[in-house]
Amino acid sequence: MTDVLHASDLHRTYRLPRRGPFEPGPVRTAVDGVDLTVAPGARLGIVGESGSGKSTLVRLLAGLEAPSAGTVTASGRPVVASGSAAAMRWFRRETGVVFQDPYASLDPRMRVGAIVAEPLRALRIDGSHDALVRDVLARVDLPADVVDRYPHEFSGGQRQRIAIARAVVHSPRILFGDEPMSALDVVVRARVIELFRSLADDLGLTLVLVSHDIGVVQRLCDTVAVMSAGRIVEHGPVSLLDAPEHPVTRALVEAAPTLP
Amino acid sequence: MIRRLLARPTGVFAVVVLGLLVVLAVVSLVWTPQDPFRADPFHQWEPPSPAHWFGTDASGRDIASYLLAGTRTTVLVAVGSGVIASVVGMVLTAIGSLTARWVREGTAVLLDILVAFPTLLTAMLLTAIAGGSLGVVIVSVGLSFGVTIARVARGEIRRIARSDYVTAARASGVGGAGVLFRHLVPNAAPLFTVQLSLAMATAVLAEAGLSYLGYGAGSNTASWGSMLADLQTYIGVHPWSATWPGAAIALVVAALSLLGDAVRDATDPRLTTNDRAAGGGPAPRTPDDPATTSTGVTA
Amino acid sequence: MSDATTPSTAASGLEVRGLTVRIDRRTILDDVTFTVPPGRRVGVIGASGSGKSMTSLALMGLEPTGATVTGSVRLDGTELVGLPDRERARHRGAGIGMVFQEPGTALDPLRRVGAQIAEPLRLHRGLDRRAAAAAALDLAVSVGLPDPESLLRQYPHQLSGGQRQRICIAMAMAGQPSYLVADEPTTALDVTTEARILELFEGLTAGMVFVTHDLAVLARIADTAVVLDAGRVVEHGSVAGLLAAPQHPATAALVDAARATARRAPRTGGSA
């Protein structure tokens, strides 16, 4: 039962390799104190330059990495990324993740059917897995006979649809996206944006989407958080992108191409 | 898989040669044309004849029979070293990848050190301890290659573990064992297979080399390497005699090396499913197909 | 290297006529024709699989082995198609330079970036080591790299994506080519870096072939464009004209997609 996703004072630091035998390696801070609340049904876009920490933040929120400090809770329950699969099962049931690179996020040695069914197996979902897989493939506009094929037989856009199917096959409440459109060409991107929107509407999903592309966020999200150097510098309804106040936001918005 | 293996010339070569080797090894248990070890000083250096298909050697032994008997040794060395290398390799890889951080790092250092020991040195050491025998050769070769396999496989497992599809599996709720057996092992298997076949190939070569140097099996075991050692001293006088054991060794080593490649290719979905005749029909049209023939150069 | 039968024109442009590329029995590019006037920028736009990457490779003579290239590519009057590779190579870098999509893989990870810029300088301009180092510094400044002296001593992995792409542009410009082919040079960069790299391109004097799938990016860099679909040029014209009134369905698809994904500019007054 995920009502609210809540991040409190999140930090994530990395220790880089040391430069000499006697000095400890430098510390890189990816997320530097983030507080965030995502209401159920919200569509949150997280934007920022590369290196702003947005990818790290979404991985922390999705329980894929453990914070160096701070907590993530979902409906009040702590999300412990380093916990065992069994301990995290309740969270994994409620969440799905779509990654950036459609060429890397599908196991090349598994057939598409097995890939999409993997959450159903791992989370011990009841019901006919075959039927659930067929249904979700139809939702993402892929014919049912893709189940016997391997990922390399498909284009980038098709693979991303497979990845999206996998992310929602178990009817989660929250869908996380780590730059899911960035590797797609513009024609495919437009269609996948539509797919995300219709899925979110039909399945009542809460969306947490990372993107460096303002256009994507303007179309899919109702709230936006702008990150820079590991912090959220501006946060509010997506309309703030029309009249950005913070210099970082302004730079991002101005850089994004518009059409004459 | 056998069918796909045989679809490629390398696969055919490997399967035919190795199949023949195994068949001959079995046959040699019950029959050889002559007694392989009988030295007949009155019939040295005879050319090929109906009685001696490949002729005789310096001691008057029938070369053909000796080679036939040697197939058993070769099979034993290849299989024995292969098994030991696999087990050692898998254990060390597991320790080097799936344990606590300090154990992993320690194993990495240990592997780097062990890999620096040449196989020959290990064989010499073990011979000094346990006396020369085929068993010593098999164990030393198996250990050496187990370490090499572990070193390579460990790197591969780490690379796979960092991939997006493994992260996606974790995000889907798959636990450690699931990730290991459903993702890490199948994706590391091709590398492992190739390394293992190379290990077996080199094992045969190493046994031949060790016998040649006198470290290997004793004189009551037929070894192609020791025959080569005997015959090569006469190479100025009887240049063709050493070709028989030499060719046998080369053929088997080549077949083993190619077997690994062929198996890896035969099990790679990317190489086996472009064959539309096998799968039936072209991939269905779906949204986001490049609407035209793909250039293979994706933009 | 000028064709003895053609009067050598100082700068007549990069003229592509009937460029056709076939691999095995598939036709990847079919009778592609367009011209880049000196100093002007022309876009080559198409979706994945349209053949646009092959266009840039064919212009450089870098098509994959086994491909047959027919047709004509004239660089200021000199015919490039059919030249043996050694002679073609003399034009690469000096007459026509290339910038690739992935700056991370276009650079040698084991060499300092300064040395990588110096290489084409020594090759094409025949400079000795000291002169090449000085010229590399000048190039680094001209592509807007901060603190160029220390930056040139770094390795590629120590630089950001945008900085790496600037290095690649510097390398491409090192031979002082008259034309530049850029194959999706900003696709791998984030949006603010992309904007800055596009500004950099705008400041270059070389003629440019800019390959992309995104009309919104093209609108900022080129005035005219050709649209590729299935290896053929299906439409061409001013970018503004293509956007306003696309004729061919492939163009329309690209325009619609660009409109569906570009940033929505705020409307002043009225409802959104």
# chains A, B, ... in the order shown; residues from 1 in each chain; ligands from 1

call {"tool": "residues_around", "arguments": {"residues": "region 58-65 of chain A", "least_positions_apart": "4", "cutoff": "10 Å", "atoms": "only C-alpha atoms", "output": "MDAnalysis selection string"}}
result
(chainID A and resid 5:7 10:12 31 36 46 53:54 71:74 78:83 88 91:92 95:97 174:178 208:210) or (chainID B and resid 167:168 170:171)

call {"tool": "write_last_selection", "arguments": {"atoms": "N, CA and C atoms", "output": "mmCIF file, in the first residue's frame"}}
result
data_model
loop_
_atom_site.group_PDB
_atom_site.id
_atom_site.type_symbol
_atom_site.label_atom_id
_atom_site.label_comp_id
_atom_site.auth_asym_id
_atom_site.auth_seq_id
_atom_site.Cartn_x
_atom_site.Cartn_y
_atom_site.Cartn_z
ATOM 1 N N LEU A 5 5.563 8.538 -1.248
ATOM 2 C CA LEU A 5 6.993 8.257 -1.292
ATOM 3 C C LEU A 5 7.685 9.454 -0.664
ATOM 4 N N HIS A 6 8.549 9.190 0.279
ATOM 5 C CA HIS A 6 9.123 10.309 1.022
ATOM 6 C C HIS A 6 10.622 10.122 1.187
ATOM 7 N N ALA A 7 11.368 11.145 0.835
ATOM 8 C CA ALA A 7 12.818 11.113 1.016
ATOM 9 C C ALA A 7 13.192 12.180 2.020
ATOM 10 N N LEU A 10 18.403 13.081 2.106
ATOM 11 C CA LEU A 10 19.179 12.059 1.423
ATOM 12 C C LEU A 10 20.562 12.560 1.030
ATOM 13 N N HIS A 11 21.553 11.715 1.288
ATOM 14 C CA HIS A 11 22.909 11.993 0.829
ATOM 15 C C HIS A 11 23.457 10.765 0.155
ATOM 16 N N ARG A 12 24.236 10.982 -0.864
ATOM 17 C CA ARG A 12 24.938 9.836 -1.456
ATOM 18 C C ARG A 12 26.298 10.309 -1.883
ATOM 19 N N VAL A 31 24.437 13.239 -4.282
ATOM 20 C CA VAL A 31 23.201 13.800 -3.746
ATOM 21 C C VAL A 31 23.548 14.434 -2.407
ATOM 22 N N LEU A 36 12.160 15.216 -0.238
ATOM 23 C CA LEU A 36 11.199 15.154 -1.339
ATOM 24 C C LEU A 36 9.997 14.348 -0.911
ATOM 25 N N ILE A 46 12.095 15.062 -12.704
ATOM 26 C CA ILE A 46 13.322 15.544 -12.079
ATOM 27 C C ILE A 46 14.262 15.942 -13.209
ATOM 28 N N GLY A 53 23.085 14.904 -10.301
ATOM 29 C CA GLY A 53 22.678 13.943 -9.285
ATOM 30 C C GLY A 53 21.289 13.388 -9.504
ATOM 31 N N LYS A 54 20.658 13.734 -10.625
ATOM 32 C CA LYS A 54 19.265 13.299 -10.789
ATOM 33 C C LYS A 54 19.138 11.792 -10.956
ATOM 34 N N THR A 71 16.951 8.866 4.702
ATOM 35 C CA THR A 71 16.061 7.726 4.526
ATOM 36 C C THR A 71 15.075 7.939 3.393
ATOM 37 N N VAL A 72 14.615 6.815 2.854
ATOM 38 C CA VAL A 72 13.524 6.819 1.888
ATOM 39 C C VAL A 72 12.427 5.958 2.491
ATOM 40 N N THR A 73 11.213 6.486 2.504
ATOM 41 C CA THR A 73 10.111 5.666 2.998
ATOM 42 C C THR A 73 8.977 5.665 1.988
ATOM 43 N N ALA A 74 8.269 4.579 1.954
ATOM 44 C CA ALA A 74 7.082 4.465 1.109
ATOM 45 C C ALA A 74 5.923 4.083 2.016
ATOM 46 N N PRO A 78 10.226 1.978 5.761
ATOM 47 C CA PRO A 78 11.552 2.338 5.237
ATOM 48 C C PRO A 78 11.934 1.457 4.057
ATOM 49 N N VAL A 79 12.551 2.079 3.086
ATOM 50 C CA VAL A 79 13.046 1.368 1.915
ATOM 51 C C VAL A 79 14.537 1.126 2.126
ATOM 52 N N VAL A 80 14.893 -0.134 2.286
ATOM 53 C CA VAL A 80 16.294 -0.466 2.577
ATOM 54 C C VAL A 80 16.884 -1.162 1.365
ATOM 55 N N ALA A 81 17.625 -0.403 0.560
ATOM 56 C CA ALA A 81 18.095 -0.948 -0.719
ATOM 57 C C ALA A 81 19.026 -2.132 -0.535
ATOM 58 N N SER A 82 19.767 -2.143 0.570
ATOM 59 C CA SER A 82 20.712 -3.233 0.766
ATOM 60 C C SER A 82 20.051 -4.452 1.386
ATOM 61 N N GLY A 83 18.760 -4.376 1.618
ATOM 62 C CA GLY A 83 18.066 -5.517 2.209
ATOM 63 C C GLY A 83 17.943 -6.666 1.232
ATOM 64 N N MET A 88 12.546 -6.849 0.690
ATOM 65 C CA MET A 88 12.143 -5.727 -0.138
ATOM 66 C C MET A 88 10.970 -6.049 -1.048
ATOM 67 N N PHE A 91 8.123 -3.652 -1.484
ATOM 68 C CA PHE A 91 8.413 -2.439 -2.241
ATOM 69 C C PHE A 91 8.489 -2.738 -3.735
ATOM 70 N N ARG A 92 9.105 -3.873 -4.063
ATOM 71 C CA ARG A 92 9.259 -4.205 -5.479
ATOM 72 C C ARG A 92 7.912 -4.466 -6.134
ATOM 73 N N THR A 95 6.531 -1.091 -7.255
ATOM 74 C CA THR A 95 7.328 -0.192 -8.096
ATOM 75 C C THR A 95 7.808 -0.888 -9.359
ATOM 76 N N GLY A 96 8.045 -0.078 -10.373
ATOM 77 C CA GLY A 96 8.645 -0.575 -11.609
ATOM 78 C C GLY A 96 9.653 0.458 -12.085
ATOM 79 N N VAL A 97 10.700 0.011 -12.766
ATOM 80 C CA VAL A 97 11.738 0.938 -13.213
ATOM 81 C C VAL A 97 12.007 0.745 -14.706
ATOM 82 N N ILE A 174 3.929 2.773 -8.538
ATOM 83 C CA ILE A 174 4.859 3.838 -8.903
ATOM 84 C C ILE A 174 5.734 3.362 -10.047
ATOM 85 N N LEU A 175 5.906 4.187 -11.043
ATOM 86 C CA LEU A 175 6.805 3.879 -12.149
ATOM 87 C C LEU A 175 7.947 4.888 -12.134
ATOM 88 N N PHE A 176 9.165 4.377 -12.031
ATOM 89 C CA PHE A 176 10.349 5.239 -12.081
ATOM 90 C C PHE A 176 10.952 5.162 -13.481
ATOM 91 N N GLY A 177 11.390 6.293 -13.995
ATOM 92 C CA GLY A 177 12.051 6.284 -15.295
ATOM 93 C C GLY A 177 13.367 7.042 -15.210
ATOM 94 N N ASP A 178 14.465 6.370 -15.552
ATOM 95 C CA ASP A 178 15.769 7.046 -15.530
ATOM 96 C C ASP A 178 16.138 7.410 -16.959
ATOM 97 N N VAL A 208 7.640 8.948 -11.531
ATOM 98 C CA VAL A 208 8.815 9.735 -11.133
ATOM 99 C C VAL A 208 9.804 9.604 -12.278
ATOM 100 N N LEU A 209 9.975 10.664 -13.011
ATOM 101 C CA LEU A 209 10.703 10.597 -14.268
ATOM 102 C C LEU A 209 11.904 11.515 -14.229
ATOM 103 N N VAL A 210 13.073 10.958 -14.527
ATOM 104 C CA VAL A 210 14.262 11.787 -14.644
ATOM 105 C C VAL A 210 14.481 12.094 -16.110
ATOM 106 N N THR B 167 20.550 -4.947 -12.841
ATOM 107 C CA THR B 167 19.864 -3.983 -11.977
ATOM 108 C C THR B 167 18.355 -4.084 -12.158
ATOM 109 N N ALA B 168 17.943 -4.255 -13.406
ATOM 110 C CA ALA B 168 16.503 -4.388 -13.660
ATOM 111 C C ALA B 168 15.958 -5.639 -12.980
ATOM 112 N N ARG B 170 17.059 -6.950 -10.223
ATOM 113 C CA ARG B 170 16.908 -6.637 -8.800
ATOM 114 C C ARG B 170 15.688 -5.768 -8.558
ATOM 115 N N ALA B 171 15.478 -4.834 -9.488
ATOM 116 C CA ALA B 171 14.302 -3.977 -9.343
ATOM 117 C C ALA B 171 13.014 -4.768 -9.499
#

call {"tool": "closest_atom_pairs", "arguments": {"of": "chain A", "to": "chain B", "cutoff": "9 Å", "atoms": "only C-alpha atoms", "output": "JSON lines"}}
result
{"residue": "A:Ala62", "atom": "CA", "partner": "B:Ala171", "partner_atom": "CA", "distance": 7.9}
{"residue": "A:Gly63", "atom": "CA", "partner": "B:Ala171", "partner_atom": "CA", "distance": 7.8}
{"residue": "A:Leu64", "atom": "CA", "partner": "B:Ala171", "partner_atom": "CA", "distance": 6.8}
{"residue": "A:Ser84", "atom": "CA", "partner": "B:Gly175", "partner_atom": "CA", "distance": 7.0}
{"residue": "A:Ala85", "atom": "CA", "partner": "B:Gly175", "partner_atom": "CA", "distance": 4.7}
{"residue": "A:Ala86", "atom": "CA", "partner": "B:Gly175", "partner_atom": "CA", "distance": 7.4}
{"residue": "A:Met88", "atom": "CA", "partner": "B:Gly173", "partner_atom": "CA", "distance": 7.4}
{"residue": "A:Arg89", "atom": "CA", "partner": "B:Gly173", "partner_atom": "CA", "distance": 6.0}
{"residue": "A:Phe91", "atom": "CA", "partner": "B:Gly173", "partner_atom": "CA", "distance": 8.7}
{"residue": "A:Arg92", "atom": "CA", "partner": "B:Gly173", "partner_atom": "CA", "distance": 5.5}
{"residue": "A:Arg93", "atom": "CA", "partner": "B:Gly173", "partner_atom": "CA", "distance": 7.7}
{"residue": "A:Thr95", "atom": "CA", "partner": "B:Ala171", "partner_atom": "CA", "distance": 8.0}
{"residue": "A:Gly96", "atom": "CA", "partner": "B:Ala171", "partner_atom": "CA", "distance": 7.0}
{"residue": "A:Val97", "atom": "CA", "partner": "B:Ala171", "partner_atom": "CA", "distance": 6.8}
{"residue": "A:Val98", "atom": "CA", "partner": "B:Ala168", "partner_atom": "CA", "distance": 8.0}
{"residue": "A:Phe99", "atom": "CA", "partner": "B:Asp164", "partner_atom": "CA", "distance": 7.4}
{"residue": "A:Gln100", "atom": "CA", "partner": "B:Asp164", "partner_atom": "CA", "distance": 8.9}
{"residue": "A:Asp101", "atom": "CA", "partner": "B:Asp164", "partner_atom": "CA", "distance": 8.0}
{"residue": "A:Ala104", "atom": "CA", "partner": "B:Asp164", "partner_atom": "CA", "distance": 5.6}
{"residue": "A:Ser105", "atom": "CA", "partner": "B:Tyr165", "partner_atom": "CA", "distance": 4.1}
{"residue": "A:Leu106", "atom": "CA", "partner": "B:Tyr165", "partner_atom": "CA", "distance": 5.1}
{"residue": "A:Asp107", "atom": "CA", "partner": "B:Tyr165", "partner_atom": "CA", "distance": 5.5}
{"residue": "A:Pro108", "atom": "CA", "partner": "B:Pro269", "partner_atom": "CA", "distance": 7.5}
{"residue": "A:Arg109", "atom": "CA", "partner": "B:Pro269", "partner_atom": "CA", "distance": 6.3}
{"residue": "A:Met110", "atom": "CA", "partner": "B:Pro269", "partner_atom": "CA", "distance": 8.5}
{"residue": "A:Ile115", "atom": "CA", "partner": "B:Ala169", "partner_atom": "CA", "distance": 8.9}
{"residue": "A:Glu118", "atom": "CA", "partner": "B:Ser172", "partner_atom": "CA", "distance": 6.9}
{"residue": "A:Pro119", "atom": "CA", "partner": "B:Ser172", "partner_atom": "CA", "distance": 4.6}
{"residue": "A:Leu120", "atom": "CA", "partner": "B:Ser172", "partner_atom": "CA", "distance": 8.2}
{"residue": "A:Arg121", "atom": "CA", "partner": "B:Val174", "partner_atom": "CA", "distance": 8.3}
{"residue": "A:Ala122", "atom": "CA", "partner": "B:Val174", "partner_atom": "CA", "distance": 5.0}
{"residue": "A:Leu123", "atom": "CA", "partner": "B:Gly173", "partner_atom": "CA", "distance": 6.0}
{"residue": "A:Asp141", "atom": "CA", "partner": "B:Pro287", "partner_atom": "CA", "distance": 7.1}
{"residue": "A:Leu142", "atom": "CA", "partner": "B:Thr286", "partner_atom": "CA", "distance": 6.1}
{"residue": "A:Pro143", "atom": "CA", "partner": "B:Thr286", "partner_atom": "CA", "distance": 7.2}
{"residue": "A:Asp145", "atom": "CA", "partner": "B:Pro284", "partner_atom": "CA", "distance": 8.0}
{"residue": "A:Val146", "atom": "CA", "partner": "B:Pro284", "partner_atom": "CA", "distance": 7.8}
{"residue": "A:Arg149", "atom": "CA", "partner": "B:Thr273", "partner_atom": "CA", "distance": 8.2}
{"residue": "A:Tyr150", "atom": "CA", "partner": "B:Pro269", "partner_atom": "CA", "distance": 6.9}
{"residue": "A:Pro151", "atom": "CA", "partner": "B:Arg270", "partner_atom": "CA", "distance": 8.7}
{"residue": "A:His152", "atom": "CA", "partner": "B:Arg270", "partner_atom": "CA", "distance": 6.4}
{"residue": "A:Glu153", "atom": "CA", "partner": "B:Ala283", "partner_atom": "CA", "distance": 7.4}
{"residue": "A:Phe154", "atom": "CA", "partner": "B:Asp289", "partner_atom": "CA", "distance": 7.8}
{"residue": "A:Ser155", "atom": "CA", "partner": "B:Asp289", "partner_atom": "CA", "distance": 6.2}
{"residue": "A:Gly156", "atom": "CA", "partner": "B:Asp288", "partner_atom": "CA", "distance": 8.0}
{"residue": "A:Gly157", "atom": "CA", "partner": "B:Asp288", "partner_atom": "CA", "distance": 5.4}
{"residue": "A:Gln158", "atom": "CA", "partner": "B:Asp288", "partner_atom": "CA", "distance": 6.0}
{"residue": "A:Arg166", "atom": "CA", "partner": "B:Ser172", "partner_atom": "CA", "distance": 8.4}
{"residue": "A:Ala167", "atom": "CA", "partner": "B:Ser172", "partner_atom": "CA", "distance": 7.7}
{"residue": "A:Asp185", "atom": "CA", "partner": "B:Ala299", "partner_atom": "CA", "distance": 8.2}
{"residue": "A:Val187", "atom": "CA", "partner": "B:Asp288", "partner_atom": "CA", "distance": 8.2}
{"residue": "A:Val188", "atom": "CA", "partner": "B:Asp288", "partner_atom": "CA", "distance": 6.0}
{"residue": "A:Arg191", "atom": "CA", "partner": "B:Asp288", "partner_atom": "CA", "distance": 8.3}

call {"tool": "select_by_dssp", "arguments": {"residues": "region 39-258 of chain C", "states": "strand (DSSP E or B)", "output": "PyMOL selection string"}}
result
chain C and resi 41-45+67-75+78-79+92+96-99+179-183+207-212+224-229+232-238

call {"tool": "atom_distance", "arguments": {"atom1": "CA of Pro245 (chain B)", "atom2": "CA of Trp224 (chain B)"}}
result
5.4 Å

call {"tool": "residues_around", "arguments": {"residues": "Tyr234 (chain B)", "least_positions_apart": "4", "cutoff": "12 Å", "atoms": "only C-alpha atoms", "output": "count of residues only"}}
result
14

call {"tool": "closest_atom_pairs", "arguments": {"of": "chain C", "to": "chain B", "cutoff": "7 Å", "atoms": "only C-alpha atoms", "output": "Markdown table"}}
result
| residue | atom | partner | partner_atom | distance |
| --- | --- | --- | --- | --- |
| C:Ile28 | CA | B:Thr295 | CA | 6.0 |
| C:Ser48 | CA | B:Ala299 | CA | 5.6 |
| C:Gly49 | CA | B:Ser294 | CA | 5.0 |
| C:Gly51 | CA | B:Thr295 | CA | 6.4 |
| C:Ser53 | CA | B:Ala299 | CA | 5.8 |
| C:Met54 | CA | B:Val297 | CA | 7.0 |
| C:Ala230 | CA | B:Thr292 | CA | 5.2 |

call {"tool": "closest_residue", "arguments": {"among": "C:His248, C:His236, C:His213, C:Arg17", "to": "chain A", "atoms": "only C-alpha atoms"}}
result
C:His213

call {"tool": "closest_residue", "arguments": {"among": "C:Ala134, C:Cys168, C:Leu83, C:Ala47", "to": "chain A", "atoms": "only C-alpha atoms"}}
result
C:Ala47

call {"tool": "closest_atom_pairs", "arguments": {"of": "chain A", "to": "chain C", "cutoff": "9 Å", "atoms": "only C-alpha atoms", "output": "tab-separated table"}}
result
residue	atom	partner	partner_atom	distance
A:Gly48	CA	C:Asp190	CA	9.0
A:Glu49	CA	C:Asp190	CA	6.4
A:Ser50	CA	C:Asp190	CA	6.2
A:Ser182	CA	C:Ala188	CA	8.5
A:Ala183	CA	C:Ala188	CA	8.3
A:Asp185	CA	C:His213	CA	6.3
A:Val186	CA	C:Ala257	CA	5.9
A:Val187	CA	C:Ala257	CA	5.0
A:Val188	CA	C:Ala257	CA	8.0
A:Arg189	CA	C:Thr261	CA	7.5
A:Ala190	CA	C:Ala257	CA	5.4
A:Arg191	CA	C:Ala257	CA	8.2
A:Ile193	CA	C:Thr261	CA	8.3
A:His212	CA	C:Asp190	CA	6.3
A:Asp213	CA	C:Val191	CA	6.7
A:Ile214	CA	C:Arg263	CA	5.8
A:Gly215	CA	C:Arg263	CA	3.9
A:Val216	CA	C:Thr261	CA	6.1
A:Val217	CA	C:Arg263	CA	8.8
A:Gln218	CA	C:Arg264	CA	7.2
A:Arg219	CA	C:Thr261	CA	8.0
A:Ser239	CA	C:Pro266	CA	8.9
A:Leu241	CA	C:Pro266	CA	8.5
A:Asp242	CA	C:Pro266	CA	5.2
A:Ala243	CA	C:Pro266	CA	7.9
A:Ala251	CA	C:Thr192	CA	7.1
A:Leu252	CA	C:Thr192	CA	6.0
A:Val253	CA	C:Arg263	CA	8.0
A:Glu254	CA	C:Thr192	CA	8.3
A:Ala255	CA	C:Thr192	CA	5.1
A:Ala256	CA	C:Val191	CA	5.9
A:Pro257	CA	C:Ala216	CA	5.7
A:Thr258	CA	C:Arg263	CA	5.2
A:Leu259	CA	C:Ala216	CA	5.5
A:Pro260	CA	C:Ala240	CA	7.6

call {"tool": "residues_around", "arguments": {"residues": "Val81 (chain C)", "least_positions_apart": "2", "cutoff": "12 Å", "atoms": "only C-alpha atoms", "output": "PDB file with C-alpha atoms, in the first residue's frame"}}
result
ATOM      1  CA  GLU C  15      28.760  18.527 -54.246  1.00  0.00           C
ATOM      2  CA  VAL C  16      27.113  15.173 -53.839  1.00  0.00           C
ATOM      3  CA  ARG C  17      25.517  13.699 -56.951  1.00  0.00           C
ATOM      4  CA  GLY C  18      23.792  10.367 -57.238  1.00  0.00           C
ATOM      5  CA  LEU C  19      25.600   8.882 -54.245  1.00  0.00           C
ATOM      6  CA  THR C  20      24.615   5.250 -53.984  1.00  0.00           C
ATOM      7  CA  VAL C  21      25.883   2.731 -51.458  1.00  0.00           C
ATOM      8  CA  ALA C  58      30.339   7.682 -47.453  1.00  0.00           C
ATOM      9  CA  LEU C  59      31.286  11.363 -47.677  1.00  0.00           C
ATOM     10  CA  MET C  60      34.411  10.603 -45.696  1.00  0.00           C
ATOM     11  CA  GLY C  61      35.196   7.415 -47.568  1.00  0.00           C
ATOM     12  CA  LEU C  62      34.731   5.452 -44.353  1.00  0.00           C
ATOM     13  CA  GLU C  63      31.986   3.132 -45.529  1.00  0.00           C
ATOM     14  CA  THR C  68      30.137  -0.477 -53.118  1.00  0.00           C
ATOM     15  CA  VAL C  69      29.906   3.277 -53.541  1.00  0.00           C
ATOM     16  CA  THR C  70      28.912   4.822 -56.822  1.00  0.00           C
ATOM     17  CA  GLY C  71      28.074   8.347 -57.758  1.00  0.00           C
ATOM     18  CA  SER C  72      30.038  11.502 -57.176  1.00  0.00           C
ATOM     19  CA  VAL C  73      31.291  13.501 -54.234  1.00  0.00           C
ATOM     20  CA  ARG C  74      33.196  16.579 -55.320  1.00  0.00           C
ATOM     21  CA  LEU C  75      35.181  18.555 -52.802  1.00  0.00           C
ATOM     22  CA  THR C  78      38.010  17.277 -56.783  1.00  0.00           C
ATOM     23  CA  GLU C  79      36.222  13.983 -57.236  1.00  0.00           C
ATOM     24  CA  LEU C  83      40.012   7.474 -55.217  1.00  0.00           C
ATOM     25  CA  PRO C  84      42.314   4.864 -53.742  1.00  0.00           C
ATOM     26  CA  ASP C  85      42.258   5.040 -49.986  1.00  0.00           C
ATOM     27  CA  GLU C  87      44.744   9.549 -51.727  1.00  0.00           C
ATOM     28  CA  ARG C  88      41.346   9.760 -50.101  1.00  0.00           C
ATOM     29  CA  ALA C  89      43.068   9.871 -46.767  1.00  0.00           C
ATOM     30  CA  HIS C  91      41.526  14.769 -48.035  1.00  0.00           C
TER      31      HIS C  91
END

call {"tool": "residues_around", "arguments": {"residues": "Thr93 (chain B)", "least_positions_apart": "4", "cutoff": "9 Å", "atoms": "only C-alpha atoms", "output": "list in words"}}
result
Val88, Gly89, Ser97, Leu98, Thr107, Val147, Ile149, Ala150, Arg151, Val152, Ala153, Arg154 and Ile157 of chain B

call {"tool": "write_last_selection", "arguments": {"atoms": "C-alpha atoms", "output": "mmCIF file, in the first residue's frame"}}
result
data_model
loop_
_atom_site.group_PDB
_atom_site.id
_atom_site.type_symbol
_atom_site.label_atom_id
_atom_site.label_comp_id
_atom_site.auth_asym_id
_atom_site.auth_seq_id
_atom_site.Cartn_x
_atom_site.Cartn_y
_atom_site.Cartn_z
ATOM 1 C CA VAL B 88 38.786 -25.051 -9.473
ATOM 2 C CA GLY B 89 37.742 -22.249 -11.804
ATOM 3 C CA SER B 97 32.737 -12.571 -6.876
ATOM 4 C CA LEU B 98 30.075 -13.469 -4.411
ATOM 5 C CA THR B 107 41.106 -13.513 -3.917
ATOM 6 C CA VAL B 147 43.322 -20.279 -11.837
ATOM 7 C CA ILE B 149 39.822 -19.377 -15.898
ATOM 8 C CA ALA B 150 38.894 -17.918 -12.538
ATOM 9 C CA ARG B 151 40.799 -14.749 -13.210
ATOM 10 C CA VAL B 152 39.080 -14.167 -16.520
ATOM 11 C CA ALA B 153 35.636 -15.292 -15.394
ATOM 12 C CA ARG B 154 35.756 -13.104 -12.326
ATOM 13 C CA ILE B 157 31.029 -11.693 -13.753
#

call {"tool": "select_by_dssp", "arguments": {"residues": "region 178-269 of chain C", "states": "helix (DSSP H, G or I)", "output": "ChimeraX atom specification"}}
result
/C:191-202,215-221,239-244,249-261

call {"tool": "atom_distance", "arguments": {"atom1": "CA of Val204 (chain B)", "atom2": "CA of Val253 (chain B)"}}
result
6.7 Å

call {"tool": "closest_residue", "arguments": {"among": "B:Ala78, B:Ala69, B:Ala161, B:Ala262", "to": "Val27 (chain B)", "atoms": "only C-alpha atoms"}}
result
B:Ala69

call {"tool": "atom_distance", "arguments": {"atom1": "CA of Thr272 (chain B)", "atom2": "CA of Ala7 (chain B)"}}
result
10.5 Å

call {"tool": "closest_residue", "arguments": {"among": "C:Arg130, C:Arg40, C:Lys52, C:Arg111", "to": "Glu184 (chain C)", "atoms": "only C-alpha atoms"}}
result
C:Lys52

call {"tool": "residues_around", "arguments": {"residues": "Gly25 (chain A)", "least_positions_apart": "3", "cutoff": "6 Å", "atoms": "only C-alpha atoms", "output": "list in words"}}
result
Arg15, Leu16, Pro17 and Arg18 of chain A

call {"tool": "write_last_selection", "arguments": {"atoms": "C-alpha atoms", "output": "short mmCIF file (atom, residue, chain, number, x, y, z; two decimals), in the first residue's frame"}}
result
data_model
loop_
_atom_site.label_atom_id
_atom_site.label_comp_id
_atom_site.auth_asym_id
_atom_site.auth_seq_id
_atom_site.Cartn_x
_atom_site.Cartn_y
_atom_site.Cartn_z
CA ARG A 15 34.83 7.47 -2.53
CA LEU A 16 36.97 7.71 -5.65
CA PRO A 17 40.20 5.73 -6.08
CA ARG A 18 43.02 7.09 -4.06
#
